[in-house]
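To be precise, the following lines are work32.cif, and they hold mmCIF, C-alpha atoms.
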```cif
data_query
loop_
_atom_site.label_atom_id
_atom_site.label_comp_id
_atom_site.auth_asym_id
_atom_site.auth_seq_id
_atom_site.Cartn_x
_atom_site.Cartn_y
_atom_site.Cartn_z
CA MET A 28 8.11 -7.03 31.70
CA THR A 29 9.56 -3.65 32.69
CA PRO A 30 7.07 -0.84 31.91
CA PRO A 31 8.02 1.41 28.97
CA HIS A 32 9.34 4.86 29.81
CA SER A 33 9.46 8.34 28.36
CA SER A 34 12.94 9.54 27.46
CA PRO A 35 14.70 11.53 24.73
CA ALA A 36 13.83 10.24 21.28
CA PRO A 37 16.26 7.86 19.54
CA HIS A 38 19.32 9.20 17.73
CA PHE A 39 18.89 9.93 14.02
CA SER A 40 21.74 10.11 11.55
CA ARG A 41 22.18 12.97 9.11
CA ARG A 42 20.56 10.77 6.51
CA GLY A 43 17.26 11.42 8.27
CA LEU A 44 14.45 8.87 8.43
CA LEU A 45 14.97 7.05 5.14
CA THR A 46 13.05 3.81 5.21
CA ALA A 47 14.66 0.41 5.16
CA GLY A 48 14.18 -1.73 2.07
CA ALA A 49 11.79 -4.62 1.77
CA ALA A 50 13.06 -8.10 2.48
CA THR A 51 13.60 -10.90 0.03
CA ALA A 52 12.12 -13.54 2.26
CA GLY A 53 11.89 -17.27 1.52
CA ALA A 54 9.34 -18.08 4.20
CA VAL A 55 8.57 -21.57 5.49
CA LEU A 56 5.02 -22.29 4.41
CA LEU A 57 2.54 -23.71 6.89
CA GLY A 58 -1.17 -24.42 6.71
CA SER A 59 -3.44 -24.83 3.71
CA PRO A 60 -3.29 -22.68 0.58
CA ALA A 61 -6.20 -20.51 -0.39
CA GLU A 62 -7.70 -20.99 -3.83
CA ALA A 63 -5.68 -18.95 -6.30
CA ALA A 64 -7.25 -16.20 -8.40
CA PRO A 65 -7.18 -16.72 -12.19
CA HIS A 66 -3.94 -15.60 -13.79
CA SER A 67 -1.82 -15.98 -16.88
CA ALA A 68 1.90 -15.85 -17.52
CA ARG A 69 1.61 -12.18 -18.39
CA THR A 70 -1.15 -11.02 -16.06
CA ARG A 71 -0.96 -11.12 -12.30
CA PRO A 72 -4.23 -11.63 -10.42
CA SER A 73 -6.15 -8.45 -9.66
CA LEU A 74 -7.94 -10.15 -6.75
CA ILE A 75 -6.01 -12.37 -4.32
CA PRO A 76 -8.26 -14.52 -2.13
CA LEU A 77 -7.51 -14.96 1.55
CA PRO A 78 -8.73 -17.75 3.85
CA ASP A 79 -12.39 -17.51 4.82
CA GLY A 80 -12.79 -15.74 8.16
CA PHE A 81 -9.23 -14.33 8.06
CA ARG A 82 -10.16 -10.66 8.75
CA PRO A 83 -7.13 -8.87 7.22
CA GLU A 84 -6.00 -5.36 8.10
CA GLY A 85 -2.29 -4.75 7.46
CA ILE A 86 -0.17 -5.62 4.43
CA ALA A 87 3.56 -5.62 3.67
CA ILE A 88 5.30 -6.71 0.47
CA GLY A 89 8.69 -8.37 0.23
CA GLY A 90 10.76 -10.16 -2.38
CA GLY A 91 9.46 -13.03 -4.43
CA PRO A 92 7.22 -11.05 -4.74
CA TYR A 93 5.06 -11.94 -1.74
CA ALA A 94 2.48 -10.04 0.27
CA TYR A 95 2.25 -10.60 4.03
CA LEU A 96 -1.07 -10.01 5.79
CA GLY A 97 -2.13 -10.12 9.42
CA SER A 98 -5.41 -11.33 10.90
CA LEU A 99 -7.51 -9.15 13.19
CA GLY A 100 -8.99 -12.38 14.50
CA ASP A 101 -6.23 -14.60 15.87
CA GLY A 102 -3.18 -12.64 14.65
CA SER A 103 -1.99 -15.23 12.12
CA ILE A 104 0.36 -14.10 9.34
CA TYR A 105 -0.49 -15.14 5.77
CA ARG A 106 1.88 -15.05 2.81
CA ALA A 107 0.47 -14.71 -0.73
CA SER A 108 2.27 -14.80 -4.05
CA LEU A 109 1.58 -11.73 -6.17
CA ARG A 110 2.33 -13.82 -9.26
CA THR A 111 -0.14 -16.64 -8.68
CA GLY A 112 -2.45 -15.52 -5.87
CA GLU A 113 -1.64 -18.69 -3.94
CA GLY A 114 -0.74 -18.45 -0.28
CA ARG A 115 -0.48 -20.06 3.14
CA ILE A 116 -0.32 -19.26 6.83
CA ILE A 117 3.37 -18.86 7.74
CA SER A 118 2.93 -18.00 11.42
CA ALA A 119 0.04 -19.17 13.58
CA GLY A 120 -1.50 -16.36 15.55
CA PRO A 121 -1.06 -15.91 19.30
CA GLY A 122 -4.80 -15.37 19.67
CA THR A 123 -4.50 -11.57 19.67
CA PRO A 124 -4.89 -9.21 16.68
CA SER A 125 -2.34 -8.29 14.05
CA VAL A 126 -3.02 -4.79 12.70
CA GLY A 127 -0.38 -2.76 10.82
CA LEU A 128 2.68 -4.57 9.42
CA LYS A 129 6.08 -3.62 8.05
CA LEU A 130 8.83 -5.91 6.74
CA ASP A 131 12.54 -5.16 7.06
CA ASP A 132 15.43 -6.38 4.91
CA ARG A 133 16.28 -9.13 7.43
CA GLY A 134 13.02 -11.01 6.96
CA ARG A 135 11.50 -9.63 10.16
CA LEU A 136 7.89 -8.52 10.25
CA PHE A 137 7.08 -5.79 12.77
CA VAL A 138 3.45 -6.17 13.87
CA ALA A 139 1.18 -3.67 15.62
CA GLY A 140 -0.86 -5.71 18.08
CA ARG A 141 -3.80 -3.44 19.02
CA GLY A 142 -4.15 -3.71 22.85
CA GLN A 143 -1.20 -6.10 23.12
CA GLY A 144 1.55 -3.71 22.00
CA ALA A 145 3.88 -5.03 19.30
CA ARG A 146 5.77 -8.13 18.26
CA VAL A 147 8.39 -9.11 15.70
CA VAL A 148 7.97 -12.26 13.58
CA ASP A 149 10.59 -14.12 11.53
CA VAL A 150 8.85 -14.75 8.19
CA ARG A 151 11.22 -17.61 7.36
CA THR A 152 10.34 -19.68 10.41
CA GLY A 153 7.14 -18.09 11.74
CA GLU A 154 8.83 -17.65 15.14
CA ILE A 155 7.93 -14.67 17.32
CA LEU A 156 11.33 -13.09 17.94
CA ALA A 157 10.23 -10.46 20.47
CA SER A 158 7.13 -8.96 22.07
CA TYR A 159 6.76 -5.48 23.54
CA THR A 160 4.34 -3.77 25.88
CA LEU A 161 4.43 -0.25 24.45
CA THR A 162 2.43 1.51 27.17
CA THR A 163 0.64 0.86 30.45
CA ALA A 164 -1.91 3.61 29.68
CA THR A 165 -5.51 2.61 29.02
CA PRO A 166 -7.20 2.46 26.65
CA THR A 167 -4.54 1.70 24.07
CA PHE A 168 -4.72 0.61 20.43
CA THR A 169 -1.39 0.05 18.67
CA ASN A 170 -2.55 0.52 15.10
CA ASP A 171 0.24 0.96 12.56
CA VAL A 172 4.02 0.80 12.20
CA PHE A 173 6.71 2.43 10.07
CA LEU A 174 10.36 1.42 9.81
CA THR A 175 13.45 3.60 9.48
CA PRO A 176 17.00 2.23 9.50
CA ARG A 177 17.30 3.01 13.22
CA THR A 178 13.75 2.85 14.60
CA ALA A 179 10.40 1.07 14.41
CA TRP A 180 7.64 3.65 15.01
CA PHE A 181 4.15 2.68 16.20
CA THR A 182 0.95 4.73 16.42
CA ASP A 183 -1.63 4.51 19.21
CA SER A 184 -5.18 5.34 18.15
CA PHE A 185 -6.38 5.87 21.73
CA GLN A 186 -3.40 7.76 23.22
CA PRO A 187 -1.68 10.99 21.98
CA ALA A 188 1.67 9.28 21.55
CA LEU A 189 4.03 7.47 19.23
CA TYR A 190 6.19 4.59 20.45
CA ALA A 191 9.71 4.04 19.18
CA LEU A 192 11.68 0.80 19.26
CA PRO A 193 15.31 1.87 18.73
CA LEU A 194 17.22 -0.70 16.66
CA GLY A 195 20.80 -1.44 17.57
CA ARG A 196 23.89 -2.15 15.51
CA GLY A 197 23.10 -4.55 12.69
CA GLY A 198 19.38 -4.05 13.35
CA ALA A 199 19.53 -5.68 16.79
CA LEU A 200 16.13 -5.71 18.48
CA PRO A 201 15.80 -3.61 21.64
CA ARG A 202 15.08 -4.83 25.13
CA PRO A 203 11.50 -4.43 26.40
CA GLU A 204 12.60 -1.58 28.69
CA ASP A 205 14.09 0.36 25.75
CA VAL A 206 10.69 1.43 24.37
CA VAL A 207 10.53 5.23 24.01
CA THR A 208 7.27 7.20 24.26
CA VAL A 209 7.04 10.42 22.22
CA THR A 210 4.01 12.50 23.28
CA LEU A 211 2.18 14.32 20.49
CA SER A 212 1.73 18.08 20.94
CA GLY A 213 1.53 21.25 18.84
CA ASP A 214 -1.47 21.12 16.49
CA TRP A 215 -2.45 17.68 17.75
CA SER A 216 -5.82 17.67 19.55
CA GLN A 217 -6.66 14.22 20.90
CA VAL A 218 -10.30 13.13 20.75
CA PRO A 219 -10.86 11.36 24.08
CA GLY A 220 -12.11 7.83 24.58
CA GLU A 221 -11.99 5.13 21.94
CA THR A 222 -12.31 7.34 18.88
CA VAL A 223 -9.64 6.42 16.31
CA ASN A 224 -7.00 9.17 16.40
CA ALA A 225 -3.46 8.39 15.17
CA ASN A 226 -3.57 5.71 12.50
CA GLY A 227 -1.36 5.41 9.41
CA ILE A 228 2.27 6.56 9.58
CA THR A 229 5.08 7.21 7.10
CA ARG A 230 7.87 9.78 6.61
CA THR A 231 8.16 13.10 4.80
CA PRO A 232 9.87 13.03 1.37
CA ASP A 233 13.05 14.58 2.80
CA GLY A 234 13.18 11.97 5.55
CA LYS A 235 13.40 14.51 8.38
CA ALA A 236 9.97 14.06 9.94
CA LEU A 237 7.06 11.66 10.24
CA LEU A 238 3.54 11.92 8.80
CA VAL A 239 0.56 10.63 10.80
CA VAL A 240 -3.09 10.68 9.78
CA GLN A 241 -5.69 11.35 12.49
CA SER A 242 -8.63 9.28 11.29
CA GLY A 243 -11.57 10.64 13.28
CA VAL A 244 -11.03 14.28 12.32
CA GLY A 245 -9.35 13.68 8.96
CA GLY A 246 -6.15 15.65 9.60
CA LEU A 247 -2.68 14.85 8.29
CA HIS A 248 0.10 15.83 10.71
CA ARG A 249 3.82 16.37 10.24
CA VAL A 250 5.54 15.16 13.42
CA ASP A 251 8.99 16.08 14.71
CA PRO A 252 10.29 12.66 15.85
CA ARG A 253 12.53 14.18 18.51
CA THR A 254 9.92 16.31 20.27
CA GLY A 255 6.50 15.04 19.15
CA VAL A 256 5.48 18.56 18.10
CA THR A 257 3.06 18.34 15.19
CA GLY A 258 1.82 20.69 12.52
CA LEU A 259 -1.14 20.16 10.23
CA VAL A 260 -0.10 19.54 6.64
CA ASP A 261 -1.65 22.13 4.32
CA LEU A 262 -3.58 20.14 1.71
CA GLY A 263 -5.31 23.16 0.19
CA ASP A 264 -8.92 22.62 -0.80
CA ALA A 265 -8.76 18.83 -0.45
CA ALA A 266 -11.55 17.34 1.63
CA PRO A 267 -10.66 16.14 5.15
CA LEU A 268 -9.09 12.68 5.18
CA THR A 269 -11.95 11.27 7.21
CA ASN A 270 -11.40 7.58 7.97
CA GLY A 271 -7.81 8.00 6.79
CA ASP A 272 -6.02 4.71 7.38
CA GLY A 273 -2.85 3.36 5.78
CA LEU A 274 -0.26 5.75 4.30
CA LEU A 275 2.25 4.98 1.55
CA LEU A 276 4.93 7.38 0.32
CA ILE A 277 6.67 6.79 -3.03
CA GLY A 278 9.05 9.63 -3.87
CA ARG A 279 6.95 12.73 -3.21
CA THR A 280 3.65 10.98 -3.92
CA LEU A 281 1.53 10.17 -0.88
CA TYR A 282 -1.26 7.59 -1.05
CA VAL A 283 -3.88 7.89 1.72
CA VAL A 284 -6.35 5.02 2.13
CA GLN A 285 -9.78 6.17 3.30
CA ASN A 286 -11.32 2.92 4.37
CA ARG A 287 -15.08 3.44 4.54
CA GLN A 288 -14.96 5.73 1.52
CA ASN A 289 -13.50 2.83 -0.49
CA ALA A 290 -10.93 5.21 -1.92
CA ILE A 291 -7.28 6.22 -2.06
CA ASP A 292 -6.52 9.95 -2.26
CA VAL A 293 -3.24 10.81 -3.96
CA PHE A 294 -1.17 13.91 -3.16
CA THR A 295 2.11 15.42 -4.28
CA LEU A 296 3.94 16.64 -1.18
CA ALA A 297 6.48 19.38 -0.63
CA ALA A 298 9.87 17.89 0.23
CA ASP A 299 9.52 18.80 3.91
CA GLY A 300 5.97 17.47 4.08
CA THR A 301 4.42 20.73 5.27
CA SER A 302 2.03 20.97 2.31
CA GLY A 303 0.57 18.87 -0.47
CA VAL A 304 -1.47 19.17 -3.64
CA PHE A 305 -4.34 16.79 -4.37
CA GLN A 306 -3.83 14.87 -7.63
CA LYS A 307 -6.57 12.25 -7.94
CA ARG A 308 -8.79 9.71 -6.19
CA LEU A 309 -8.40 6.01 -6.93
CA THR A 310 -11.30 3.61 -6.49
CA ALA A 311 -12.13 0.09 -7.61
CA PRO A 312 -15.38 -1.88 -7.87
CA ASP A 313 -13.90 -4.63 -5.70
CA PHE A 314 -13.04 -2.34 -2.77
CA ASP A 315 -14.90 -3.31 0.40
CA VAL A 316 -13.42 -1.15 3.17
CA PRO A 317 -9.74 -1.41 2.25
CA THR A 318 -7.49 -0.42 5.13
CA THR A 319 -3.81 -0.36 4.23
CA VAL A 320 -1.70 -0.30 1.08
CA ALA A 321 1.61 -1.63 -0.19
CA ALA A 322 3.15 -1.37 -3.65
CA HIS A 323 5.02 -3.60 -6.04
CA LYS A 324 6.31 -1.95 -9.19
CA GLY A 325 3.34 -0.05 -10.67
CA THR A 326 0.62 -1.79 -8.69
CA LEU A 327 -0.98 -1.03 -5.33
CA TYR A 328 -2.29 -3.86 -3.16
CA LEU A 329 -4.99 -3.29 -0.53
CA PRO A 330 -6.67 -5.82 1.80
CA ASN A 331 -10.45 -5.58 2.12
CA ALA A 332 -11.19 -5.52 5.84
CA ARG A 333 -14.97 -5.50 5.21
CA PHE A 334 -15.71 -3.63 8.43
CA THR A 335 -19.35 -3.14 7.38
CA THR A 336 -19.85 -6.92 7.17
CA THR A 337 -20.33 -8.96 10.34
CA PRO A 338 -17.38 -11.36 10.44
CA THR A 339 -18.06 -15.10 10.54
CA PRO A 340 -15.81 -18.12 9.98
CA ASP A 341 -17.20 -18.26 6.43
CA THR A 342 -16.84 -14.57 5.51
CA THR A 343 -14.70 -14.18 2.39
CA TYR A 344 -11.78 -11.77 2.17
CA ALA A 345 -9.38 -10.70 -0.55
CA VAL A 346 -6.56 -8.34 -1.53
CA VAL A 347 -7.39 -5.94 -4.38
CA ALA A 348 -4.75 -4.85 -6.90
CA VAL A 349 -5.07 -1.48 -8.64
CA GLU A 350 -2.70 0.38 -10.95
CA ARG A 351 -1.20 3.47 -9.42
#
```

Would you mind writing the file's structure down as structure tokens?
Amino acid sequence: MTPPHSSPAPHFSRRGLLTAGAATAGAVLLGSPAEAAPHSARTRPSLIPLPDGFRPEGIAIGGGPYAYLGSLGDGSIYRASLRTGEGRIISAGPGTPSVGLKLDDRGRLFVAGRGQGARVVDVRTGEILASYTLTTATPTFTNDVFLTPRTAWFTDSFQPALYALPLGRGGALPRPEDVVTVTLSGDWSQVPGETVNANGITRTPDGKALLVVQSGVGGLHRVDPRTGVTGLVDLGDAAPLTNGDGLLLIGRTLYVVQNRQNAIDVFTLAADGTSGVFQKRLTAPDFDVPTTVAAHKGTLYLPNARFTTTPTPDTTYAVVAVER
């Protein structure tokens, strides 16, 4: 595989960084279903069980409605119905982790692969469509991903950089050598070693810049996607976003998962993303180190990664639903 290279950032249209819609995906189901959580015709399950030993981290929601989750263990992809709680493995893992996930409107799941870069999975067939080495730098930890109509953006928790996969006409996947590295600068101060730095990623409400949370120090950064220059987002008197993980933007409302705090902090952002006002903190009794978040209608769904529990083949895992 040709090593990735640094070059000018991908072209962006005047429409900015508006995110692509979620897919309506009729996936081929493989494997054995997990036991469904109790539900009724009117009430969707508030706790969706996952296979024992699955070790979830990322979540994406598509049509159906279905949630897609990746395993930190072997990288398998699991699909769960939000209506019934039932689910199955749709893509057997390659033996390497699946971390952050995002689903496009073509039924393709973009997967952050920790030390193995990134891959793209067809949720209808389970086939791995492409794999990418995002950097040759060490250490590296591809942690999360965000999709725009023209680019798939990945964070690296161990390197001060974002990686961009520029999508071609009709969403065509790039070649391995087309990976672009955007070095973070400005207010960004990288903590060396294997401290978790860049983690969750989304866009600003106006679609002109990216937002990245720096977990170890709790800062939220606005990033110019063309230059990598960052500026700290002014969140007023809000506490640092220590252990900040997944980010979700709905309109001008930003949801920030803080995993070991078992909480989601909610902010209203300025259109350009340079500042925000704290609104509330969401918690739930069933939270057990939730990592990332996806939404369907008025409900947020978060996988419990249970990082404070030693994983075994029999360790139980679940997705928790909370009203937003």

Using the chain letters and numbers from the file, give me the residues hit by the PyMOL selection byres ((chain A and resi 189) around 12), as number ranges by chain.
-> A: 33, 36, 144, 161-162, 167-173, 178-188, 190-192, 206-212, 224-228, 237-239, 250-257

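Each of A:Ile117, A:Ala199, A:Ala298, A:Ala290 was compared to Val347 of chain A using only C-alpha atoms, and A:Ala290 turns out to be the nearest.
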
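Of the listed residues (A:Ala332, A:Leu99, A:Ala164, A:Leu200), A:Leu200 comes nearest to Arg135 of chain A; the distances count only C-alpha atoms.
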
Counting all atoms listed in the file, which residues come within 8 Å of (9.2, 10.4, 5.6), with the point read in the file's coordinates, and could you list them as a PyMOL selection string?
-> chain A and resi 44-46+229-238+276+300

Kindly give the distance, in Å, that separates atom CA of Asp205 of chain A and atom CA of Val320 of chain A, rounded to a single decimal.
-> 29.3 Å
